[in-house]
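Undergrad: Here it is: the structure, laid out below.
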Amino acid sequence: MVEKYGIPQISTGDMLRDHVRRATEVGRSVEHLMKAGSLVPDELVNRMVHERLEAPDCENGFILDGYPRTPQQAEELATELVKHHTLECVIHLVVDPAEIVERMSGRRVCPACGTLYNSLSRRPAQEGICDQDGATLEIRNDDRPEIVKARLEEYEARTAPVIGYFRGAGVKIIEVNASRRTPEQIFAGIQQELARGGAQ
Ligand code: AMP
């Protein structure tokens, strides 16, 4: 989507992991929550996204990934953060929970360039090594099954209600089946929905 639409992907998870890696004040305050699979405080994430959206590369639009994760964050987005932008649509990728656990257990990430691999669907040419830069691939420490379970519980309790919030606020929601599909098929599904007038 970044390539096709020429707009940046803004992942709050990536931003937070970067803080943890650099051991900033923010990083030190959220590390234990992330390790446990819990959400970090709304105020902190809202502030981070606020600052990020002011960067020049967001002028023509952006894709928020992993944000908002609570109705409070959704409200901040719909009322404050979009003052200089339009909230065009929400893309809801629907995946069977058992498949989420399976995918996360296979996920490997390059610590140098961030390229994602998966032992089930997207293997590197050489096992455990990044195709781009030869770095040794890592497993995210919150991708272990017991932590994934906590993340899914957090999703059900705190993030699932976000859909209801957006529905109530009249925001366009595109629902795409992302189970048992390749990234290419899911992207095609998103484009199809967008073309059908999902986004206004
Ligand atoms: P992700 O990479 O999106 O799976 O996020 C990894 C972890 O970062 C989550 O389990 C949370 O601990 C934290 N996180 C990321 N985005 C948010 C958010 N919008 N609100 C609260 N916590 C977040």
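Ordering of the structure tokens sets the chain letters (A, B, ...); residue numbers start at 1 within each chain; ligands are numbered from 1 in the order shown.
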Give the residue list for ligand 1 at 7 Å, counting only C-alpha atoms and all ligand atoms, as JSON, numbers by chain, sorted by chain and then by residue number.
TA: {"A": [11, 12, 13, 14, 16, 33, 34, 37, 38, 39, 40, 41, 42, 45, 65, 66, 67, 68, 69, 70, 151]}
Undergrad: When you look at segment 21-25 of chain A with a cut-off of 12 Å (counting only C-alpha atoms), what residues show up, excluding the ones that are within fewer than 6 positions of it in the same chain? I need them as a list in words.
TA: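 Returned residues: Asp14, Met15, Glu31, Leu44, Pro111 and Ala112 of chain A.
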Undergrad: What does the distance between atom CA of Gln191 of chain A and atom CA of Leu64 of chain A come to in Å, to one decimal place?
TA: 16.6 Å
Undergrad: Among the residues of segment 70-179 of chain A, find those DSSP assigns to strand (DSSP E or B) from the backbone and print them as a list in words.
TA: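 Checking each residue of segment 70-179 of chain A, the strand (DSSP E or B) ones are Val90, Ile91, His92, Leu93, Val94, Arg107, Arg108, Val109, Leu116, Tyr117, Asn118, Arg122, Ile129, Thr136, Glu138, Ile173, Ile174, Glu175, Val176 and Asn177 of chain A.
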Undergrad: Restrict the selected residues to N, CA, C and O atoms and save them as an mmCIF file, in the first residue's frame.
TA:
data_model
loop_
_atom_site.group_PDB
_atom_site.id
_atom_site.type_symbol
_atom_site.label_atom_id
_atom_site.label_comp_id
_atom_site.auth_asym_id
_atom_site.auth_seq_id
_atom_site.Cartn_x
_atom_site.Cartn_y
_atom_site.Cartn_z
ATOM 1 N N VAL A 90 -11.435 2.969 7.438
ATOM 2 C CA VAL A 90 -10.804 2.019 8.344
ATOM 3 C C VAL A 90 -10.781 0.681 7.617
ATOM 4 O O VAL A 90 -11.803 0.266 7.068
ATOM 5 N N ILE A 91 -9.616 0.042 7.583
ATOM 6 C CA ILE A 91 -9.524 -1.281 6.965
ATOM 7 C C ILE A 91 -9.441 -2.310 8.083
ATOM 8 O O ILE A 91 -8.490 -2.324 8.861
ATOM 9 N N HIS A 92 -10.460 -3.117 8.168
ATOM 10 C CA HIS A 92 -10.530 -4.132 9.221
ATOM 11 C C HIS A 92 -10.171 -5.482 8.622
ATOM 12 O O HIS A 92 -10.941 -6.053 7.855
ATOM 13 N N LEU A 93 -8.973 -5.962 8.954
ATOM 14 C CA LEU A 93 -8.525 -7.257 8.443
ATOM 15 C C LEU A 93 -8.999 -8.340 9.415
ATOM 16 O O LEU A 93 -8.608 -8.340 10.580
ATOM 17 N N VAL A 94 -9.842 -9.217 8.933
ATOM 18 C CA VAL A 94 -10.441 -10.224 9.814
ATOM 19 C C VAL A 94 -9.678 -11.542 9.673
ATOM 20 O O VAL A 94 -9.598 -12.103 8.580
ATOM 21 N N ARG A 107 6.681 -15.803 12.587
ATOM 22 C CA ARG A 107 7.204 -14.500 12.149
ATOM 23 C C ARG A 107 8.663 -14.297 12.567
ATOM 24 O O ARG A 107 9.052 -14.572 13.691
ATOM 25 N N ARG A 108 9.458 -13.831 11.620
ATOM 26 C CA ARG A 108 10.862 -13.480 11.891
ATOM 27 C C ARG A 108 11.076 -12.093 11.312
ATOM 28 O O ARG A 108 10.540 -11.748 10.260
ATOM 29 N N VAL A 109 11.882 -11.295 11.999
ATOM 30 C CA VAL A 109 12.077 -9.919 11.545
ATOM 31 C C VAL A 109 13.565 -9.589 11.476
ATOM 32 O O VAL A 109 14.356 -10.052 12.302
ATOM 33 N N LEU A 116 10.051 -8.295 7.036
ATOM 34 C CA LEU A 116 9.370 -9.382 7.738
ATOM 35 C C LEU A 116 9.414 -10.665 6.919
ATOM 36 O O LEU A 116 9.255 -10.631 5.698
ATOM 37 N N TYR A 117 9.619 -11.767 7.612
ATOM 38 C CA TYR A 117 9.582 -13.088 6.985
ATOM 39 C C TYR A 117 8.640 -13.951 7.792
ATOM 40 O O TYR A 117 8.260 -13.606 8.907
ATOM 41 N N ASN A 118 8.273 -15.091 7.191
ATOM 42 C CA ASN A 118 7.460 -16.019 7.953
ATOM 43 C C ASN A 118 7.806 -17.436 7.542
ATOM 44 O O ASN A 118 7.841 -17.737 6.343
ATOM 45 N N ARG A 122 6.664 -16.923 3.966
ATOM 46 C CA ARG A 122 7.639 -16.064 3.297
ATOM 47 C C ARG A 122 9.025 -16.317 3.870
ATOM 48 O O ARG A 122 9.514 -15.580 4.720
ATOM 49 N N ILE A 129 18.438 -15.845 7.814
ATOM 50 C CA ILE A 129 19.266 -14.727 7.344
ATOM 51 C C ILE A 129 18.446 -13.812 6.434
ATOM 52 O O ILE A 129 17.734 -14.274 5.540
ATOM 53 N N THR A 136 21.139 -11.483 10.933
ATOM 54 C CA THR A 136 20.478 -12.655 11.523
ATOM 55 C C THR A 136 19.061 -12.266 11.957
ATOM 56 O O THR A 136 18.876 -11.290 12.687
ATOM 57 N N GLU A 138 15.403 -12.191 13.770
ATOM 58 C CA GLU A 138 15.030 -12.339 15.174
ATOM 59 C C GLU A 138 13.551 -12.666 15.315
ATOM 60 O O GLU A 138 12.757 -12.409 14.420
ATOM 61 N N ILE A 173 -16.023 1.787 6.978
ATOM 62 C CA ILE A 173 -15.221 0.629 7.389
ATOM 63 C C ILE A 173 -15.208 -0.401 6.262
ATOM 64 O O ILE A 173 -16.258 -0.787 5.749
ATOM 65 N N ILE A 174 -14.000 -0.808 5.888
ATOM 66 C CA ILE A 174 -13.849 -1.842 4.861
ATOM 67 C C ILE A 174 -13.450 -3.125 5.567
ATOM 68 O O ILE A 174 -12.445 -3.154 6.273
ATOM 69 N N GLU A 175 -14.240 -4.154 5.409
ATOM 70 C CA GLU A 175 -13.910 -5.410 6.071
ATOM 71 C C GLU A 175 -13.313 -6.363 5.038
ATOM 72 O O GLU A 175 -13.935 -6.602 3.993
ATOM 73 N N VAL A 176 -12.122 -6.870 5.320
ATOM 74 C CA VAL A 176 -11.459 -7.746 4.360
ATOM 75 C C VAL A 176 -11.098 -9.063 5.044
ATOM 76 O O VAL A 176 -10.470 -9.058 6.108
ATOM 77 N N ASN A 177 -11.492 -10.156 4.429
ATOM 78 C CA ASN A 177 -11.133 -11.463 4.966
ATOM 79 C C ASN A 177 -9.637 -11.697 4.730
ATOM 80 O O ASN A 177 -9.182 -11.757 3.593
#
Undergrad: In Å, how far is it from atom CA of Asp131 of chain A to atom CA of Cys113 of chain A?
TA: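 Value for the atom CA of Asp131 of chain A-atom CA of Cys113 of chain A distance: 10.3 Å.
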Undergrad: Give me, please, the distance in Å between atom CA of Tyr5 of chain A and atom CA of Ala195 of chain A, quoted to one decimal.
TA: 13.2 Å
Undergrad: So that I can check the secondary structure, give me every residue of segment 6-169 of chain A assigned alpha helix (DSSP H) by backbone DSSP, as an MDAnalysis selection string.
TA: chainID A and resid 12:22 25:36 42:53 71:79 97:106 145:154 161:168
Undergrad: Can you list, as an MDAnalysis selection string, every protein, DNA or RNA residue that comes within 10 Å of Ala98 of chain A when you count only C-alpha atoms, leaving out same-chain residues fewer than 4 positions away?
TA: chainID A and resid 102:103 179
Undergrad: Residues of segment 82-109 of chain A that approach segment 52-60 of chain A to 12 Å or less, counting only C-alpha atoms: could you list each one with the shortest pair of atoms and its distance in Å to one decimal, rows by chain and increasing residue number, as CSV?
TA:
residue,atom,partner,partner_atom,distance
A:Val82,CA,A:Leu53,CA,9.2
A:Lys83,CA,A:Leu53,CA,10.8
A:His84,CA,A:Glu59,CA,8.9
A:His85,CA,A:Glu59,CA,8.2
A:Thr86,CA,A:Asn60,CA,10.3
Undergrad: Could the residues in this selection be written to a file with C-alpha atoms, as a compact mmCIF listing (two decimals), in the first residue's frame?
TA:
# COMPACT_ATOMS: atom_id res chain seq x y z
CA VAL A 82 -7.62 14.54 11.78
CA LYS A 83 -8.04 18.29 12.12
CA HIS A 84 -5.62 18.78 9.24
CA HIS A 85 -6.49 15.53 7.47
CA THR A 86 -9.50 13.47 6.43
Undergrad: Give me, as a PDB file with C-alpha atoms, in the first residue's frame, all polymer residues having an atom no more than 8 Å from Asp143 of chain A, counting only C-alpha atoms and skipping those fewer than 4 positions away in the same chain.
TA:
ATOM      1  CA  MET A 104       3.026 -15.021  14.912  1.00  0.00           C
ATOM      2  CA  SER A 105       4.919 -18.138  15.901  1.00  0.00           C
ATOM      3  CA  ARG A 107       7.204 -14.500  12.149  1.00  0.00           C
ATOM      4  CA  ILE A 139      11.803 -13.456  16.830  1.00  0.00           C
ATOM      5  CA  ILE A 147       2.167 -13.570  25.142  1.00  0.00           C
ATOM      6  CA  VAL A 148       0.179 -13.790  21.890  1.00  0.00           C
TER       7      VAL A 148
END
Undergrad: Would you mind telling me which residue in A:Ala36, A:Ala74, A:Met1, A:Arg140 lies nearest to Arg17 of chain A when using only C-alpha atoms?
TA: A:Arg140
Undergrad: Could you list, as an MDAnalysis selection string, every residue within 12 Å of Phe187 of chain A, counting only C-alpha atoms and ignoring same-chain residues fewer than 2 positions away?
TA: chainID A and resid 1:4 91 93 176:178 181:185 189:194
